[in-house]
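One structure below.
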Amino acid sequence: MCVSEIAVITGNDGRTVPLSEPGTVIVYRRERGTWLAERRLPFALEVDGGLAGLRTRTGELTRFLGTCQTLVAQSASGALFFGLEKAGCTVFEIAGSPSEFLDIVWRDAKEEREEKIPLPAGTDIPAPLEITRGNITSPSVRSRGNAPR
């Protein structure tokens, strides 16, 4: 699976900030091995907005991210973090400048997405085998289609 975009929330100094602090979300696109800042969104949670305000801001952020499913912040927790995860976004916690970690995150995100790809039907996988009721032997390699029911 191709991971070509990574979003990073940064402060005025260009370094990552916690997801809960004001900053700018920058979506970087990888083209021919080079990272280019594609779009930016000033972002801050509304303290006075309560849960409704938090949901609104989470929705705005996920719409801004679009197909980008990877975000980097200095730290992430709370309802915004869980809202992003629910929307299918992987959140990395890294302190530093994007130039220091974008390639590393790209490789890690690519590997993580590839691990989530389901195995095709009929792929041999280890499964326990019940010899008699309650008597289970060690896993053996069998096709999914032959699993006992």
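Going by the structure tokens order, chains are called A, B, ..., each with residues numbered from 1, while ligands are numbered from 1 in the order shown.
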Name the residues in contact with Glu60 of chain A at a cut-off of 12 Å, using only C-alpha atoms, excluding same-chain residues fewer than 3 positions from it; report them as a ChimeraX atom specification.
/A:25,41-45,53-57,63-66,80,83-84,87
Residues at most 7 Å from Arg39 of chain A, counting only C-alpha atoms, excluding those fewer than 2 positions away in the same chain, as a list in words?
Ile26, Val27 and Ala37 of chain A
Those residues you just picked out, can you put them in a file as a tab-separated table (two decimals), in the first residue's frame with N, CA, C and O atoms?
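For reference, result03.tsv as written:
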```tsv
chain	number	residue	atom	x	y	z
A	26	ILE	N	0.53	20.67	8.77
A	26	ILE	CA	1.09	20.73	7.42
A	26	ILE	C	1.06	19.32	6.84
A	26	ILE	O	1.55	18.38	7.46
A	27	VAL	N	0.48	19.19	5.66
A	27	VAL	CA	0.46	17.89	4.98
A	27	VAL	C	1.60	17.91	3.96
A	27	VAL	O	1.65	18.76	3.08
A	37	ALA	N	5.73	20.50	1.18
A	37	ALA	CA	4.57	20.93	1.96
A	37	ALA	C	3.45	21.24	0.97
A	37	ALA	O	3.57	22.13	0.14
```
Looking only at alpha helix (DSSP H) from DSSP on the backbone, list the matching residues of segment 3-113 of chain A as a ChimeraX atom specification.
/A:50-65,78-86,98-113
Restricting the calculation to only C-alpha atoms: of A:Ala79, A:Leu36, A:Ala73, A:Val8, which residue gets closest to Ala95 of chain A?
A:Ala73
Hey, can you check how far atom CA of Glu111 of chain A sits from atom CA of Glu93 of chain A?
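Distance between the two atoms: 16.9 Å.
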What's the 9 Å shell around segment 97-105 of chain A, counting only C-alpha atoms, without same-chain residues fewer than 4 positions away, as a ChimeraX atom specification?
/A:6,8,10,13-16,28,33,35,70,72,92,109-110
Would you save the residues of that selection, restricted to all heavy atoms, as a compact mmCIF listing (two decimals), in the first residue's frame?
```txt
# COMPACT_ATOMS: atom_id res chain seq x y z
N ILE A 6 2.05 12.65 4.68
CA ILE A 6 2.19 12.63 6.14
C ILE A 6 1.87 14.03 6.64
O ILE A 6 2.42 15.02 6.13
CB ILE A 6 3.60 12.23 6.58
CG1 ILE A 6 3.92 10.81 6.12
CG2 ILE A 6 3.75 12.36 8.10
CD1 ILE A 6 5.35 10.37 6.39
N VAL A 8 1.89 16.81 9.79
CA VAL A 8 2.66 17.12 10.98
C VAL A 8 2.09 18.38 11.60
O VAL A 8 1.83 19.36 10.89
CB VAL A 8 4.16 17.36 10.63
CG1 VAL A 8 4.96 17.64 11.88
CG2 VAL A 8 4.73 16.18 9.87
N THR A 10 2.94 21.50 13.80
CA THR A 10 4.15 22.21 14.24
C THR A 10 3.79 23.54 14.89
O THR A 10 2.72 24.10 14.64
CB THR A 10 5.08 22.49 13.04
OG1 THR A 10 4.41 23.34 12.11
CG2 THR A 10 5.51 21.21 12.35
N ASP A 13 8.19 27.54 15.62
CA ASP A 13 9.60 27.22 15.37
C ASP A 13 9.78 26.09 14.36
O ASP A 13 10.90 25.68 14.07
CB ASP A 13 10.31 26.87 16.68
CG ASP A 13 9.72 25.66 17.38
OD1 ASP A 13 8.72 25.08 16.89
OD2 ASP A 13 10.27 25.28 18.44
N GLY A 14 8.68 25.54 13.82
CA GLY A 14 8.76 24.48 12.83
C GLY A 14 8.94 23.09 13.41
O GLY A 14 9.10 22.12 12.68
N ARG A 15 8.91 22.98 14.73
CA ARG A 15 9.06 21.69 15.40
C ARG A 15 7.68 21.21 15.86
O ARG A 15 6.77 22.01 16.05
CB ARG A 15 10.02 21.82 16.58
CG ARG A 15 11.44 22.23 16.12
CD ARG A 15 12.40 22.42 17.27
NE ARG A 15 12.64 21.21 18.04
CZ ARG A 15 13.45 20.22 17.66
NH1 ARG A 15 14.11 20.30 16.53
NH2 ARG A 15 13.62 19.16 18.44
N THR A 16 7.56 19.91 16.05
CA THR A 16 6.28 19.35 16.46
C THR A 16 5.83 19.91 17.81
O THR A 16 6.66 20.27 18.66
CB THR A 16 6.34 17.81 16.56
OG1 THR A 16 7.41 17.44 17.42
CG2 THR A 16 6.52 17.18 15.19
N TYR A 28 2.52 16.97 4.16
CA TYR A 28 3.66 16.81 3.25
C TYR A 28 3.35 15.69 2.28
O TYR A 28 2.82 14.66 2.67
CB TYR A 28 4.93 16.47 4.02
CG TYR A 28 5.44 17.59 4.87
CD1 TYR A 28 5.01 17.74 6.20
CD2 TYR A 28 6.34 18.53 4.36
CE1 TYR A 28 5.47 18.78 6.99
CE2 TYR A 28 6.81 19.57 5.15
CZ TYR A 28 6.37 19.69 6.45
OH TYR A 28 6.83 20.72 7.23
N GLY A 33 11.04 10.87 -3.83
CA GLY A 33 11.96 10.86 -2.70
C GLY A 33 12.12 12.19 -1.98
O GLY A 33 12.91 12.31 -1.06
N TRP A 35 10.16 15.49 0.06
CA TRP A 35 8.95 15.88 0.77
C TRP A 35 8.63 17.35 0.48
O TRP A 35 9.47 18.23 0.68
CB TRP A 35 9.11 15.68 2.27
CG TRP A 35 9.18 14.23 2.62
CD1 TRP A 35 10.30 13.49 2.89
CD2 TRP A 35 8.07 13.34 2.72
NE1 TRP A 35 9.95 12.19 3.14
CE2 TRP A 35 8.59 12.07 3.04
CE3 TRP A 35 6.70 13.48 2.56
CZ2 TRP A 35 7.78 10.95 3.23
CZ3 TRP A 35 5.89 12.37 2.74
CH2 TRP A 35 6.43 11.12 3.07
N THR A 70 -1.81 9.55 8.08
CA THR A 70 -0.70 9.53 9.03
C THR A 70 -0.47 10.94 9.54
O THR A 70 -0.35 11.87 8.76
CB THR A 70 0.58 9.01 8.35
OG1 THR A 70 0.32 7.73 7.76
CG2 THR A 70 1.72 8.88 9.34
N VAL A 72 1.75 13.27 12.62
CA VAL A 72 2.81 13.28 13.61
C VAL A 72 2.61 14.49 14.53
O VAL A 72 2.40 15.60 14.05
CB VAL A 72 4.21 13.36 12.96
CG1 VAL A 72 5.30 13.37 14.02
CG2 VAL A 72 4.42 12.23 11.98
N PHE A 92 1.63 9.31 15.15
CA PHE A 92 2.97 9.06 15.66
C PHE A 92 3.33 10.18 16.61
O PHE A 92 3.03 11.34 16.35
CB PHE A 92 4.00 9.04 14.52
CG PHE A 92 3.94 7.82 13.66
CD1 PHE A 92 3.01 7.72 12.63
CD2 PHE A 92 4.83 6.77 13.86
CE1 PHE A 92 2.97 6.59 11.83
CE2 PHE A 92 4.79 5.64 13.06
CZ PHE A 92 3.86 5.56 12.04
N ALA A 109 5.02 3.78 8.60
CA ALA A 109 3.61 3.81 8.23
C ALA A 109 3.34 2.84 7.09
O ALA A 109 2.32 2.13 7.09
CB ALA A 109 3.19 5.22 7.83
N LYS A 110 4.25 2.77 6.14
CA LYS A 110 4.11 1.85 5.01
C LYS A 110 4.10 0.40 5.51
O LYS A 110 3.23 -0.39 5.12
CB LYS A 110 5.25 2.08 4.03
CG LYS A 110 5.16 1.26 2.79
CD LYS A 110 6.32 1.60 1.86
CE LYS A 110 6.33 0.69 0.67
NZ LYS A 110 7.46 0.91 -0.21
```
DSSP strand (DSSP E or B) selection over segment 10-58 of chain A, as a compact mmCIF listing (two decimals) with N, CA and C atoms, in the first residue's frame:
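Written out: states.txt:
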```
# COMPACT_ATOMS: atom_id res chain seq x y z
N THR A 10 2.94 21.50 13.80
CA THR A 10 4.15 22.21 14.24
C THR A 10 3.79 23.54 14.89
N THR A 16 7.56 19.91 16.05
CA THR A 16 6.28 19.35 16.46
C THR A 16 5.83 19.91 17.81
N GLY A 23 -1.21 25.12 16.79
CA GLY A 23 -0.11 24.97 15.84
C GLY A 23 -0.64 25.01 14.43
N THR A 24 0.17 24.57 13.50
CA THR A 24 -0.22 24.48 12.10
C THR A 24 -0.06 23.04 11.65
N VAL A 25 -1.11 22.48 11.08
CA VAL A 25 -1.04 21.13 10.52
C VAL A 25 -0.58 21.29 9.07
N ILE A 26 0.53 20.67 8.77
CA ILE A 26 1.09 20.73 7.42
C ILE A 26 1.06 19.32 6.84
N VAL A 27 0.48 19.19 5.66
CA VAL A 27 0.46 17.89 4.98
C VAL A 27 1.60 17.91 3.96
N TYR A 28 2.52 16.97 4.16
CA TYR A 28 3.66 16.81 3.25
C TYR A 28 3.35 15.69 2.28
N ARG A 29 3.72 15.88 1.02
CA ARG A 29 3.56 14.86 -0.01
C ARG A 29 4.94 14.43 -0.50
N ARG A 30 5.11 13.13 -0.61
CA ARG A 30 6.39 12.58 -1.08
C ARG A 30 6.32 12.38 -2.58
N GLU A 31 7.22 13.05 -3.28
CA GLU A 31 7.32 12.93 -4.73
C GLU A 31 8.77 12.71 -5.10
N THR A 34 11.36 13.21 -2.39
CA THR A 34 11.44 14.53 -1.77
C THR A 34 10.10 14.88 -1.13
N TRP A 35 10.16 15.49 0.06
CA TRP A 35 8.95 15.88 0.77
C TRP A 35 8.63 17.35 0.48
N LEU A 36 7.40 17.61 0.02
CA LEU A 36 6.95 18.96 -0.29
C LEU A 36 5.74 19.29 0.57
N ALA A 37 5.73 20.50 1.18
CA ALA A 37 4.57 20.93 1.96
C ALA A 37 3.45 21.24 0.97
N GLU A 38 2.37 20.46 1.06
CA GLU A 38 1.29 20.58 0.09
C GLU A 38 0.18 21.53 0.53
N ARG A 39 -0.20 21.46 1.81
CA ARG A 39 -1.26 22.33 2.32
C ARG A 39 -1.10 22.53 3.82
N ARG A 40 -1.68 23.61 4.32
CA ARG A 40 -1.54 23.99 5.73
C ARG A 40 -2.89 24.37 6.33
N LEU A 41 -3.03 24.09 7.63
CA LEU A 41 -4.24 24.45 8.36
C LEU A 41 -3.85 24.92 9.76
N PRO A 42 -4.10 26.20 10.09
CA PRO A 42 -3.90 26.61 11.49
C PRO A 42 -4.90 25.82 12.34
N PHE A 43 -4.41 25.26 13.45
CA PHE A 43 -5.27 24.37 14.23
C PHE A 43 -5.10 24.62 15.71
```
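Between atom CA of Gln74 of chain A and atom CA of Gly11 of chain A lies a distance of 10.2 Å.
For the pair atom CA of Gly50 of chain A and atom CA of Lys86 of chain A, the interatomic distance is 19.4 Å.
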From the options A:Glu46, A:Gly78, A:Ala7, A:Thr58, which residue's atoms come nearest to Pro22 of chain A, counting only C-alpha atoms?
A:Glu46
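Nearest to Val3 of chain A of all the residues A:Ser77, A:Gln69, A:Thr62, A:Thr90 is A:Gln69, counting only C-alpha atoms.
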